[in-house]
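Next comes query_23.txt, with compact mmCIF, C-alpha atoms.
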```txt
# COMPACT_ATOMS: atom_id res chain seq x y z
CA MET A 28 -2.20 -14.46 -11.46
CA ARG A 29 1.09 -14.88 -9.65
CA TYR A 30 1.86 -13.01 -6.43
CA TYR A 31 5.11 -11.89 -4.84
CA GLY A 32 6.07 -9.57 -1.99
CA MET A 33 9.10 -8.24 -0.15
CA THR A 34 9.82 -5.75 2.62
CA ASP A 35 13.11 -4.24 3.79
CA LYS A 36 13.97 -1.73 6.53
CA GLY A 37 16.22 0.27 4.21
CA ILE A 38 19.62 1.66 5.12
CA SER A 39 18.78 4.65 7.32
CA ARG A 40 16.01 3.26 9.53
CA ALA A 41 16.65 1.26 12.70
CA GLN A 42 13.49 -0.83 12.30
CA ASN A 43 10.97 -1.81 9.67
CA GLN A 44 7.53 -0.31 10.30
CA ASP A 45 6.18 -1.55 6.97
CA CYS A 46 4.14 -4.71 6.68
CA PHE A 47 2.58 -6.73 3.86
CA ARG A 48 0.37 -9.79 3.54
CA ILE A 49 -0.76 -11.93 0.60
CA VAL A 50 -3.47 -14.51 1.32
CA ARG A 51 -5.72 -16.76 -0.76
CA GLU A 52 -9.16 -17.85 0.38
CA ASP A 53 -11.49 -19.90 -1.87
CA ASP A 54 -9.78 -18.67 -5.08
CA ASN A 55 -9.98 -15.05 -3.91
CA VAL A 56 -6.77 -13.19 -3.11
CA LEU A 57 -6.06 -10.29 -0.77
CA ALA A 58 -2.80 -8.33 -0.97
CA VAL A 59 -2.12 -5.49 1.45
CA VAL A 60 0.74 -3.09 2.19
CA ALA A 61 0.82 -0.90 5.31
CA ASP A 62 3.37 1.74 6.35
CA GLY A 63 3.28 2.48 10.07
CA ILE A 64 3.73 5.85 11.73
CA GLY A 65 4.58 6.57 15.37
CA GLY A 66 7.63 6.51 17.58
CA HIS A 67 9.40 3.54 19.16
CA GLN A 68 7.57 0.31 18.23
CA ALA A 69 4.24 2.02 17.62
CA GLY A 70 4.37 2.22 13.83
CA ASP A 71 5.42 -1.41 13.62
CA VAL A 72 2.52 -2.43 15.86
CA ALA A 73 -0.01 -0.35 13.90
CA SER A 74 0.96 -1.69 10.47
CA ARG A 75 1.02 -5.32 11.56
CA LEU A 76 -2.22 -5.03 13.51
CA ALA A 77 -3.94 -3.39 10.54
CA CYS A 78 -2.71 -6.03 8.09
CA ASP A 79 -3.60 -8.95 10.33
CA THR A 80 -7.05 -7.56 11.16
CA LEU A 81 -7.82 -7.10 7.46
CA VAL A 82 -6.62 -10.64 6.70
CA LYS A 83 -8.80 -12.06 9.48
CA SER A 84 -11.83 -10.22 8.10
CA PHE A 85 -11.06 -11.48 4.60
CA ARG A 86 -10.87 -15.08 5.71
CA LYS A 87 -14.06 -14.90 7.74
CA ASN A 88 -16.29 -12.34 6.04
CA TYR A 89 -15.41 -11.77 2.37
CA ASP A 90 -18.68 -11.96 0.45
CA HIS A 91 -17.71 -11.11 -3.19
CA ASN A 92 -18.95 -7.56 -2.64
CA PRO A 93 -15.56 -5.83 -2.40
CA ASP A 94 -16.83 -2.26 -2.01
CA PHE A 95 -19.01 -3.15 0.97
CA TRP A 96 -16.43 -5.52 2.43
CA PHE A 97 -13.63 -2.96 2.17
CA ALA A 98 -15.77 -0.26 3.80
CA THR A 99 -16.90 -2.40 6.74
CA SER A 100 -13.47 -3.96 7.20
CA LEU A 101 -11.76 -0.57 7.18
CA ASP A 102 -14.09 0.57 9.97
CA ARG A 103 -13.08 -2.46 12.03
CA VAL A 104 -9.36 -2.12 11.32
CA ASN A 105 -9.39 1.57 12.22
CA ARG A 106 -11.34 0.98 15.43
CA ILE A 107 -8.98 -1.77 16.63
CA VAL A 108 -5.82 0.26 15.98
CA TYR A 109 -7.37 3.42 17.45
CA GLU A 110 -8.55 1.66 20.60
CA LEU A 111 -5.17 0.04 21.24
CA ALA A 112 -3.46 3.42 20.78
CA GLY A 113 -5.82 4.89 23.38
CA LYS A 114 -5.26 2.11 25.92
CA GLU A 115 -1.48 1.85 25.83
CA PRO A 116 0.58 5.03 26.43
CA LYS A 117 3.53 3.59 24.50
CA TYR A 118 1.30 3.28 21.42
CA ARG A 119 -0.29 6.73 21.68
CA GLY A 120 -0.36 8.48 18.31
CA MET A 121 0.37 5.37 16.28
CA GLY A 122 -1.24 4.87 12.90
CA THR A 123 -0.62 3.40 9.50
CA THR A 124 -1.27 3.87 5.82
CA MET A 125 -2.87 1.01 3.91
CA VAL A 126 -3.24 0.06 0.26
CA ALA A 127 -4.97 -3.23 -0.48
CA ALA A 128 -6.21 -5.18 -3.49
CA VAL A 129 -8.78 -7.94 -3.69
CA ILE A 130 -8.68 -10.18 -6.74
CA ASP A 131 -12.00 -12.00 -6.90
CA LYS A 132 -12.30 -15.49 -8.35
CA ASP A 133 -13.66 -13.92 -11.57
CA ASN A 134 -10.42 -11.81 -11.75
CA THR A 135 -12.18 -8.56 -10.81
CA VAL A 136 -9.66 -6.32 -9.03
CA SER A 137 -10.75 -3.84 -6.35
CA LEU A 138 -8.61 -1.43 -4.34
CA LEU A 139 -8.66 0.31 -0.97
CA ASN A 140 -6.34 3.21 -0.16
CA VAL A 141 -5.71 5.27 2.98
CA GLY A 142 -2.59 7.46 3.11
CA ASP A 143 0.30 7.60 0.67
CA SER A 144 1.13 4.00 -0.05
CA ARG A 145 0.23 3.39 -3.67
CA ALA A 146 -1.17 1.01 -6.27
CA TYR A 147 0.10 1.08 -9.84
CA ILE A 148 -0.49 -0.96 -12.95
CA LEU A 149 1.85 -1.69 -15.83
CA ASP A 150 -0.58 -1.64 -18.75
CA ASN A 151 -0.31 -3.50 -22.03
CA GLU A 152 1.51 -0.55 -23.64
CA ASN A 153 4.10 -0.55 -20.83
CA HIS A 154 2.82 2.62 -19.17
CA LEU A 155 3.11 2.76 -15.40
CA ILE A 156 -0.18 4.21 -14.17
CA GLN A 157 -0.75 5.33 -10.60
CA LEU A 158 -4.25 4.22 -9.61
CA THR A 159 -4.44 5.60 -6.08
CA GLU A 160 -4.38 9.22 -4.99
CA ASP A 161 -2.12 10.14 -2.09
CA HIS A 162 -3.80 11.45 1.04
CA SER A 163 -0.92 13.81 1.74
CA LEU A 164 -0.28 17.49 2.36
CA ILE A 165 1.87 17.60 -0.78
CA ASN A 166 -1.01 16.38 -2.91
CA GLU A 167 -3.44 18.85 -1.31
CA LEU A 168 -1.09 21.80 -1.83
CA ILE A 169 -0.68 20.91 -5.50
CA LYS A 170 -4.40 20.31 -6.14
CA ARG A 171 -5.88 23.01 -3.91
CA ASP A 172 -3.29 25.76 -4.10
CA GLY A 173 -1.68 25.04 -7.45
CA MET A 174 1.81 24.74 -5.99
CA THR A 175 4.64 23.17 -7.89
CA MET A 176 5.85 19.79 -6.69
CA GLU A 177 9.12 21.33 -5.53
CA LYS A 178 7.42 23.99 -3.39
CA ALA A 179 4.88 21.57 -1.98
CA MET A 180 7.66 19.18 -0.96
CA GLU A 181 9.41 21.96 0.93
CA ILE A 182 6.28 22.54 3.00
CA GLY A 183 4.56 19.18 3.27
CA ALA A 184 7.11 16.40 2.90
CA HIS A 185 6.16 13.26 4.87
CA VAL A 186 2.84 14.72 6.09
CA ILE A 187 -0.16 12.50 5.41
CA THR A 188 -3.73 13.70 5.80
CA ARG A 189 -5.41 10.33 6.36
CA ALA A 190 -4.17 7.34 8.32
CA ILE A 191 -5.68 4.34 10.05
CA GLY A 192 -5.80 4.55 13.84
CA ILE A 193 -5.35 8.30 14.30
CA TRP A 194 -9.04 9.30 14.40
CA PRO A 195 -12.15 7.43 15.66
CA ALA A 196 -13.38 7.10 12.06
CA ILE A 197 -11.64 7.20 8.71
CA GLU A 198 -12.74 7.12 5.08
CA GLY A 199 -10.78 5.30 2.42
CA ASP A 200 -10.85 5.43 -1.37
CA ILE A 201 -12.44 2.26 -2.77
CA TYR A 202 -12.79 1.45 -6.45
CA THR A 203 -12.61 -1.21 -9.14
CA VAL A 204 -9.68 -1.44 -11.54
CA GLU A 205 -11.18 -1.02 -15.00
CA GLU A 206 -7.93 -0.91 -16.98
CA ASP A 207 -6.31 -4.06 -18.35
CA PHE A 208 -2.79 -4.66 -17.10
CA LYS A 209 0.21 -6.96 -17.12
CA CYS A 210 1.21 -6.27 -13.52
CA LEU A 211 -0.39 -4.65 -10.48
CA MET A 212 2.04 -3.23 -7.92
CA LEU A 213 1.37 -2.14 -4.35
CA CYS A 214 4.16 -0.28 -2.57
CA SER A 215 5.07 1.96 0.32
CA ASP A 216 6.56 5.41 -0.19
CA GLY A 217 10.01 4.02 0.48
CA LEU A 218 9.86 2.72 -3.08
CA HIS A 219 7.85 5.27 -5.03
CA ASN A 220 9.60 8.28 -3.49
CA TYR A 221 13.05 7.12 -4.51
CA VAL A 222 12.86 4.98 -7.66
CA GLU A 223 11.97 6.69 -10.94
CA PRO A 224 8.98 5.34 -12.89
CA GLU A 225 11.19 4.54 -15.90
CA LYS A 226 13.34 2.24 -13.77
CA ILE A 227 10.28 0.55 -12.29
CA ILE A 228 8.90 -0.06 -15.79
CA GLN A 229 12.21 -1.58 -16.88
CA ILE A 230 12.19 -4.04 -14.00
CA LEU A 231 8.51 -4.97 -14.24
CA ASN A 232 8.85 -5.58 -17.98
CA ASP A 233 12.00 -7.74 -17.77
CA LYS A 234 10.97 -11.20 -18.94
CA ASP A 235 14.25 -12.69 -17.72
CA LEU A 236 13.40 -11.92 -14.09
CA THR A 237 11.11 -13.93 -11.84
CA GLY A 238 8.55 -12.06 -9.78
CA ARG A 239 10.68 -12.58 -6.70
CA SER A 240 13.72 -11.20 -8.51
CA LYS A 241 11.74 -8.14 -9.60
CA CYS A 242 10.85 -7.41 -5.97
CA GLU A 243 14.50 -7.82 -4.98
CA LYS A 244 15.66 -5.50 -7.77
CA LEU A 245 13.15 -2.80 -6.86
CA VAL A 246 14.14 -2.92 -3.19
CA ALA A 247 17.80 -2.80 -4.15
CA MET A 248 17.19 0.28 -6.31
CA ALA A 249 15.49 2.08 -3.43
CA ASN A 250 18.45 1.26 -1.20
CA GLU A 251 20.90 2.39 -3.87
CA ALA A 252 19.02 5.71 -3.93
CA GLY A 253 19.80 6.13 -0.25
CA GLY A 254 17.52 3.68 1.53
CA TYR A 255 16.07 6.54 3.55
CA ASP A 256 12.84 4.73 4.39
CA ASN A 257 11.40 1.27 4.82
CA ILE A 258 10.64 -0.33 1.45
CA THR A 259 7.79 -2.70 0.63
CA VAL A 260 6.56 -3.97 -2.74
CA VAL A 261 3.90 -6.50 -3.74
CA LEU A 262 3.52 -7.62 -7.36
CA MET A 263 0.55 -9.36 -8.98
CA GLU A 264 1.40 -10.55 -12.48
CA LYS A 265 -0.91 -11.95 -15.11
```
Would it be possible to restate this file's structure as structure tokens?
Amino acid sequence: MRYYGMTDKGISRAQNQDCFRIVREDDNVLAVVADGIGGHQAGDVASRLACDTLVKSFRKNYDHNPDFWFATSLDRVNRIVYELAGKEPKYRGMGTTMVAAVIDKDNTVSLLNVGDSRAYILDNENHLIQLTEDHSLINELIKRDGMTMEKAMEIGAHVITRAIGIWPAIEGDIYTVEEDFKCLMLCSDGLHNYVEPEKIIQILNDKDLTGRSKCEKLVAMANEAGGYDNITVVLMEK
């Protein structure tokens, strides 16, 4: 597989609190996207600390058992972010979403998700399929209370129900990707909230674009839609 990533602060934000990493270790690959929350520099610190802690664990401890590794690594990442937030008043309340993929040397793909950053695949029939489920108030209002998307957005826009570093312990969604795909995409909500799926499909399926160019096009589309948030995208193409 080929791997590409890009992050941009957008038009409206003063700083970029998103972070991504792509690392290879012994023919295994980790890709991670994190979207920080918290005032001042706190969100930036949380997302970078979470990404770098996960990368360190991957390089030292990955054992080809992605479910167990994700679970134990998430505990460590959450504890480190939470403890720093408790020690430093300027970081109080900071946290971050995280979506991560591990591609094992046998091409098995496993995912971890906390929050509302997402993983998608473009399948062989050119359908864009969302693999992760948002941990957000919007999603809960729709599932639990049967609200329409429009009504739920009025009440719960930008409210996430799980995040790394906010509570002493956190549970993430961990699973294996069973579907075949042409491209796996990880992204923050600065992309998926503002660029329509049809436009994403068009870019991901454009054979005249390099992976880097696809990332640039997707970021540009989010900025053309207003650039209201930080934008991060990671692509893994077969």
A straight line from atom CA of Met33 of chain A to atom CA of Pro93 of chain A spans 24.9 Å
Distance table requested - segment 189-263 of chain A against segment 53-66 of chain A, cut-off 12 Å, only C-alpha atoms: one row per qualifying residue with the closest atom pair and its distance in Å to one decimal, ordered by chain and rising residue number, as JSON lines.
```
{"residue": "A:Arg189", "atom": "CA", "partner": "A:Ile64", "partner_atom": "CA", "distance": 11.5}
{"residue": "A:Ala190", "atom": "CA", "partner": "A:Ile64", "partner_atom": "CA", "distance": 8.7}
{"residue": "A:Ile191", "atom": "CA", "partner": "A:Gly63", "partner_atom": "CA", "distance": 9.2}
{"residue": "A:Gly192", "atom": "CA", "partner": "A:Ile64", "partner_atom": "CA", "distance": 9.8}
{"residue": "A:Ile193", "atom": "CA", "partner": "A:Ile64", "partner_atom": "CA", "distance": 9.7}
{"residue": "A:Leu211", "atom": "CA", "partner": "A:Ala58", "partner_atom": "CA", "distance": 10.5}
{"residue": "A:Met212", "atom": "CA", "partner": "A:Ala58", "partner_atom": "CA", "distance": 9.9}
{"residue": "A:Leu213", "atom": "CA", "partner": "A:Val60", "partner_atom": "CA", "distance": 6.6}
{"residue": "A:Cys214", "atom": "CA", "partner": "A:Val60", "partner_atom": "CA", "distance": 6.5}
{"residue": "A:Ser215", "atom": "CA", "partner": "A:Asp62", "partner_atom": "CA", "distance": 6.3}
{"residue": "A:Asp216", "atom": "CA", "partner": "A:Asp62", "partner_atom": "CA", "distance": 8.1}
{"residue": "A:Gly217", "atom": "CA", "partner": "A:Asp62", "partner_atom": "CA", "distance": 9.2}
{"residue": "A:Leu218", "atom": "CA", "partner": "A:Asp62", "partner_atom": "CA", "distance": 11.5}
{"residue": "A:Asp256", "atom": "CA", "partner": "A:Asp62", "partner_atom": "CA", "distance": 10.1}
{"residue": "A:Asn257", "atom": "CA", "partner": "A:Asp62", "partner_atom": "CA", "distance": 8.2}
{"residue": "A:Ile258", "atom": "CA", "partner": "A:Asp62", "partner_atom": "CA", "distance": 9.0}
{"residue": "A:Thr259", "atom": "CA", "partner": "A:Val60", "partner_atom": "CA", "distance": 7.2}
{"residue": "A:Val260", "atom": "CA", "partner": "A:Val60", "partner_atom": "CA", "distance": 7.7}
{"residue": "A:Val261", "atom": "CA", "partner": "A:Ala58", "partner_atom": "CA", "distance": 7.5}
{"residue": "A:Leu262", "atom": "CA", "partner": "A:Ala58", "partner_atom": "CA", "distance": 9.0}
{"residue": "A:Met263", "atom": "CA", "partner": "A:Ala58", "partner_atom": "CA", "distance": 8.7}
```
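If you measure from each of A:Tyr31, A:Asn43, A:Thr123, A:Arg103 to Ala73 of chain A using only C-alpha atoms, the closest one turns out to be A:Thr123.
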What are the closest atom pairs, with distances in Å to one decimal, for each residue of segment 200-239 of chain A lying within 10 Å of segment 135-156 of chain A, using all atoms listed in the file, rows by chain and rising residue number, as CSV?
```
residue,atom,partner,partner_atom,distance
A:Asp200,CA,A:Asn140,CA,5.2
A:Ile201,CA,A:Leu139,CA,4.6
A:Tyr202,CA,A:Leu138,CA,5.5
A:Thr203,CA,A:Ser137,CA,4.3
A:Val204,CA,A:Val136,CA,5.5
A:Glu205,CA,A:Val136,CA,8.1
A:Glu206,CA,A:Asp150,CA,7.6
A:Asp207,CA,A:Asp150,CA,6.2
A:Phe208,CA,A:Asp150,CA,4.1
A:Lys209,CA,A:Asp150,CA,5.6
A:Cys210,CA,A:Leu149,CA,5.2
A:Leu211,CA,A:Ile148,CA,4.4
A:Met212,CA,A:Tyr147,CA,5.1
A:Leu213,CA,A:Ala146,CA,4.5
A:Cys214,CA,A:Arg145,CA,5.5
A:Ser215,CA,A:Ser144,CA,4.5
A:Asp216,CA,A:Ser144,CA,5.6
A:Gly217,CA,A:Ser144,CA,8.9
A:Leu218,CA,A:Ser144,CA,9.3
A:His219,CA,A:Arg145,CA,8.0
A:Pro224,CA,A:Leu155,CA,6.9
A:Glu225,CA,A:Leu155,CA,8.3
A:Ile227,CA,A:Leu155,CA,8.1
A:Ile228,CA,A:Leu155,CA,6.5
A:Gln229,CA,A:Asn153,CA,9.1
A:Leu231,CA,A:Leu149,CA,7.6
A:Asn232,CA,A:Asn153,CA,7.5
```
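Shortest separation to Thr159 of chain A among A:Ala127, A:Cys242, A:Cys78, A:Ala98 occurs at residue A:Ala127, atoms counted being only C-alpha atoms.
Among the candidates A:Asp71, A:Asp131, A:Glu110, A:Ile49, the one nearest to Tyr89 of chain A when counting all atoms listed in the file is A:Asp131.
Between Ile197 of chain A and the candidates A:Gly70, A:Gly113, A:Gly122, A:Gly32, the tightest atom-to-atom separation, counting all atoms listed in the file, involves A:Gly122.
Counting all atoms listed in the file and comparing A:Ser240, A:Thr99, A:Asn220, A:Gln157, the residue that lies closest to Ala196 of chain A is A:Thr99.
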Which residues are near Val82 of chain A? Cut-off 8 Å, all atoms listed in the file, ignore same chain within fewer than 3 positions. Put them as an MDAnalysis selection string. chainID A and resid 48 50 57 78:79 85:86
Please dump the current selection as a compact mmCIF listing (two decimals), in the coordinates of the input; keep C-alpha atoms.
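Output below, filename result-v4.txt:
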```
# COMPACT_ATOMS: atom_id res chain seq x y z
CA ARG A 48 0.37 -9.79 3.54
CA VAL A 50 -3.47 -14.51 1.32
CA LEU A 57 -6.06 -10.29 -0.77
CA CYS A 78 -2.71 -6.03 8.09
CA ASP A 79 -3.60 -8.95 10.33
CA PHE A 85 -11.06 -11.48 4.60
CA ARG A 86 -10.87 -15.08 5.71
```
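Counting from atom CA of Trp194 of chain A, the distance to atom CA of Gly37 of chain A is 28.7 Å.
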Would you fill out segment 190-210 of chain A with N, CA, C and O atoms and return it as a PDB file, in the frame of the given file?
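Contents of out.pdb, freshly written:
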```
ATOM      1  N   ALA A 190      -4.889   8.525   7.873  1.00  0.00           N
ATOM      2  CA  ALA A 190      -4.170   7.340   8.320  1.00  0.00           C
ATOM      3  C   ALA A 190      -5.087   6.524   9.216  1.00  0.00           C
ATOM      4  O   ALA A 190      -5.929   7.074   9.935  1.00  0.00           O
ATOM      5  N   ILE A 191      -4.915   5.249   9.195  1.00  0.00           N
ATOM      6  CA  ILE A 191      -5.680   4.340  10.050  1.00  0.00           C
ATOM      7  C   ILE A 191      -5.185   4.472  11.485  1.00  0.00           C
ATOM      8  O   ILE A 191      -3.983   4.493  11.752  1.00  0.00           O
ATOM      9  N   GLY A 192      -6.128   4.585  12.430  1.00  0.00           N
ATOM     10  CA  GLY A 192      -5.800   4.550  13.840  1.00  0.00           C
ATOM     11  C   GLY A 192      -5.603   5.900  14.506  1.00  0.00           C
ATOM     12  O   GLY A 192      -5.463   5.969  15.719  1.00  0.00           O
ATOM     13  N   ILE A 193      -5.599   6.972  13.737  1.00  0.00           N
ATOM     14  CA  ILE A 193      -5.350   8.300  14.300  1.00  0.00           C
ATOM     15  C   ILE A 193      -6.642   8.938  14.789  1.00  0.00           C
ATOM     16  O   ILE A 193      -6.660   9.627  15.817  1.00  0.00           O
ATOM     17  N   TRP A 194      -7.740   8.728  14.066  1.00  0.00           N
ATOM     18  CA  TRP A 194      -9.040   9.300  14.400  1.00  0.00           C
ATOM     19  C   TRP A 194     -10.048   8.180  14.649  1.00  0.00           C
ATOM     20  O   TRP A 194      -9.859   7.047  14.184  1.00  0.00           O
ATOM     21  N   PRO A 195     -11.155   8.475  15.370  1.00  0.00           N
ATOM     22  CA  PRO A 195     -12.150   7.430  15.660  1.00  0.00           C
ATOM     23  C   PRO A 195     -12.769   6.829  14.400  1.00  0.00           C
ATOM     24  O   PRO A 195     -13.207   5.672  14.418  1.00  0.00           O
ATOM     25  N   ALA A 196     -12.832   7.605  13.322  1.00  0.00           N
ATOM     26  CA  ALA A 196     -13.380   7.100  12.060  1.00  0.00           C
ATOM     27  C   ALA A 196     -12.518   7.605  10.912  1.00  0.00           C
ATOM     28  O   ALA A 196     -11.911   8.676  11.003  1.00  0.00           O
ATOM     29  N   ILE A 197     -12.458   6.838   9.862  1.00  0.00           N
ATOM     30  CA  ILE A 197     -11.640   7.200   8.710  1.00  0.00           C
ATOM     31  C   ILE A 197     -12.349   6.735   7.435  1.00  0.00           C
ATOM     32  O   ILE A 197     -13.065   5.735   7.444  1.00  0.00           O
ATOM     33  N   GLU A 198     -12.169   7.479   6.376  1.00  0.00           N
ATOM     34  CA  GLU A 198     -12.740   7.120   5.080  1.00  0.00           C
ATOM     35  C   GLU A 198     -11.600   6.777   4.122  1.00  0.00           C
ATOM     36  O   GLU A 198     -10.597   7.481   4.052  1.00  0.00           O
ATOM     37  N   GLY A 199     -11.771   5.698   3.412  1.00  0.00           N
ATOM     38  CA  GLY A 199     -10.780   5.300   2.420  1.00  0.00           C
ATOM     39  C   GLY A 199     -11.334   5.450   1.014  1.00  0.00           C
ATOM     40  O   GLY A 199     -12.542   5.569   0.810  1.00  0.00           O
ATOM     41  N   ASP A 200     -10.451   5.456   0.038  1.00  0.00           N
ATOM     42  CA  ASP A 200     -10.850   5.430  -1.370  1.00  0.00           C
ATOM     43  C   ASP A 200     -10.991   3.973  -1.792  1.00  0.00           C
ATOM     44  O   ASP A 200     -10.070   3.168  -1.613  1.00  0.00           O
ATOM     45  N   ILE A 201     -12.138   3.636  -2.365  1.00  0.00           N
ATOM     46  CA  ILE A 201     -12.440   2.260  -2.770  1.00  0.00           C
ATOM     47  C   ILE A 201     -12.929   2.290  -4.213  1.00  0.00           C
ATOM     48  O   ILE A 201     -13.835   3.060  -4.542  1.00  0.00           O
ATOM     49  N   TYR A 202     -12.350   1.469  -5.053  1.00  0.00           N
ATOM     50  CA  TYR A 202     -12.790   1.450  -6.450  1.00  0.00           C
ATOM     51  C   TYR A 202     -12.331   0.182  -7.151  1.00  0.00           C
ATOM     52  O   TYR A 202     -11.476  -0.567  -6.653  1.00  0.00           O
ATOM     53  N   THR A 203     -12.924  -0.048  -8.307  1.00  0.00           N
ATOM     54  CA  THR A 203     -12.610  -1.210  -9.140  1.00  0.00           C
ATOM     55  C   THR A 203     -11.622  -0.813 -10.215  1.00  0.00           C
ATOM     56  O   THR A 203     -11.723   0.269 -10.795  1.00  0.00           O
ATOM     57  N   VAL A 204     -10.655  -1.675 -10.484  1.00  0.00           N
ATOM     58  CA  VAL A 204      -9.680  -1.440 -11.540  1.00  0.00           C
ATOM     59  C   VAL A 204     -10.322  -1.798 -12.877  1.00  0.00           C
ATOM     60  O   VAL A 204     -10.621  -2.965 -13.126  1.00  0.00           O
ATOM     61  N   GLU A 205     -10.540  -0.800 -13.705  1.00  0.00           N
ATOM     62  CA  GLU A 205     -11.180  -1.020 -15.000  1.00  0.00           C
ATOM     63  C   GLU A 205     -10.163  -1.311 -16.100  1.00  0.00           C
ATOM     64  O   GLU A 205     -10.481  -1.961 -17.090  1.00  0.00           O
ATOM     65  N   GLU A 206      -8.936  -0.788 -15.939  1.00  0.00           N
ATOM     66  CA  GLU A 206      -7.930  -0.910 -16.980  1.00  0.00           C
ATOM     67  C   GLU A 206      -7.360  -2.338 -17.024  1.00  0.00           C
ATOM     68  O   GLU A 206      -7.220  -2.999 -15.998  1.00  0.00           O
ATOM     69  N   ASP A 207      -7.015  -2.799 -18.227  1.00  0.00           N
ATOM     70  CA  ASP A 207      -6.310  -4.060 -18.350  1.00  0.00           C
ATOM     71  C   ASP A 207      -4.838  -3.826 -18.002  1.00  0.00           C
ATOM     72  O   ASP A 207      -4.321  -2.715 -18.175  1.00  0.00           O
ATOM     73  N   PHE A 208      -4.176  -4.858 -17.525  1.00  0.00           N
ATOM     74  CA  PHE A 208      -2.790  -4.660 -17.100  1.00  0.00           C
ATOM     75  C   PHE A 208      -2.017  -5.975 -17.175  1.00  0.00           C
ATOM     76  O   PHE A 208      -2.594  -7.068 -17.185  1.00  0.00           O
ATOM     77  N   LYS A 209      -0.696  -5.813 -17.194  1.00  0.00           N
ATOM     78  CA  LYS A 209       0.210  -6.960 -17.120  1.00  0.00           C
ATOM     79  C   LYS A 209       0.642  -7.225 -15.681  1.00  0.00           C
ATOM     80  O   LYS A 209       0.906  -8.359 -15.300  1.00  0.00           O
ATOM     81  N   CYS A 210       0.743  -6.140 -14.902  1.00  0.00           N
ATOM     82  CA  CYS A 210       1.210  -6.270 -13.520  1.00  0.00           C
ATOM     83  C   CYS A 210       0.545  -5.195 -12.667  1.00  0.00           C
ATOM     84  O   CYS A 210       0.425  -4.044 -13.092  1.00  0.00           O
TER      85      CYS A 210
END
```
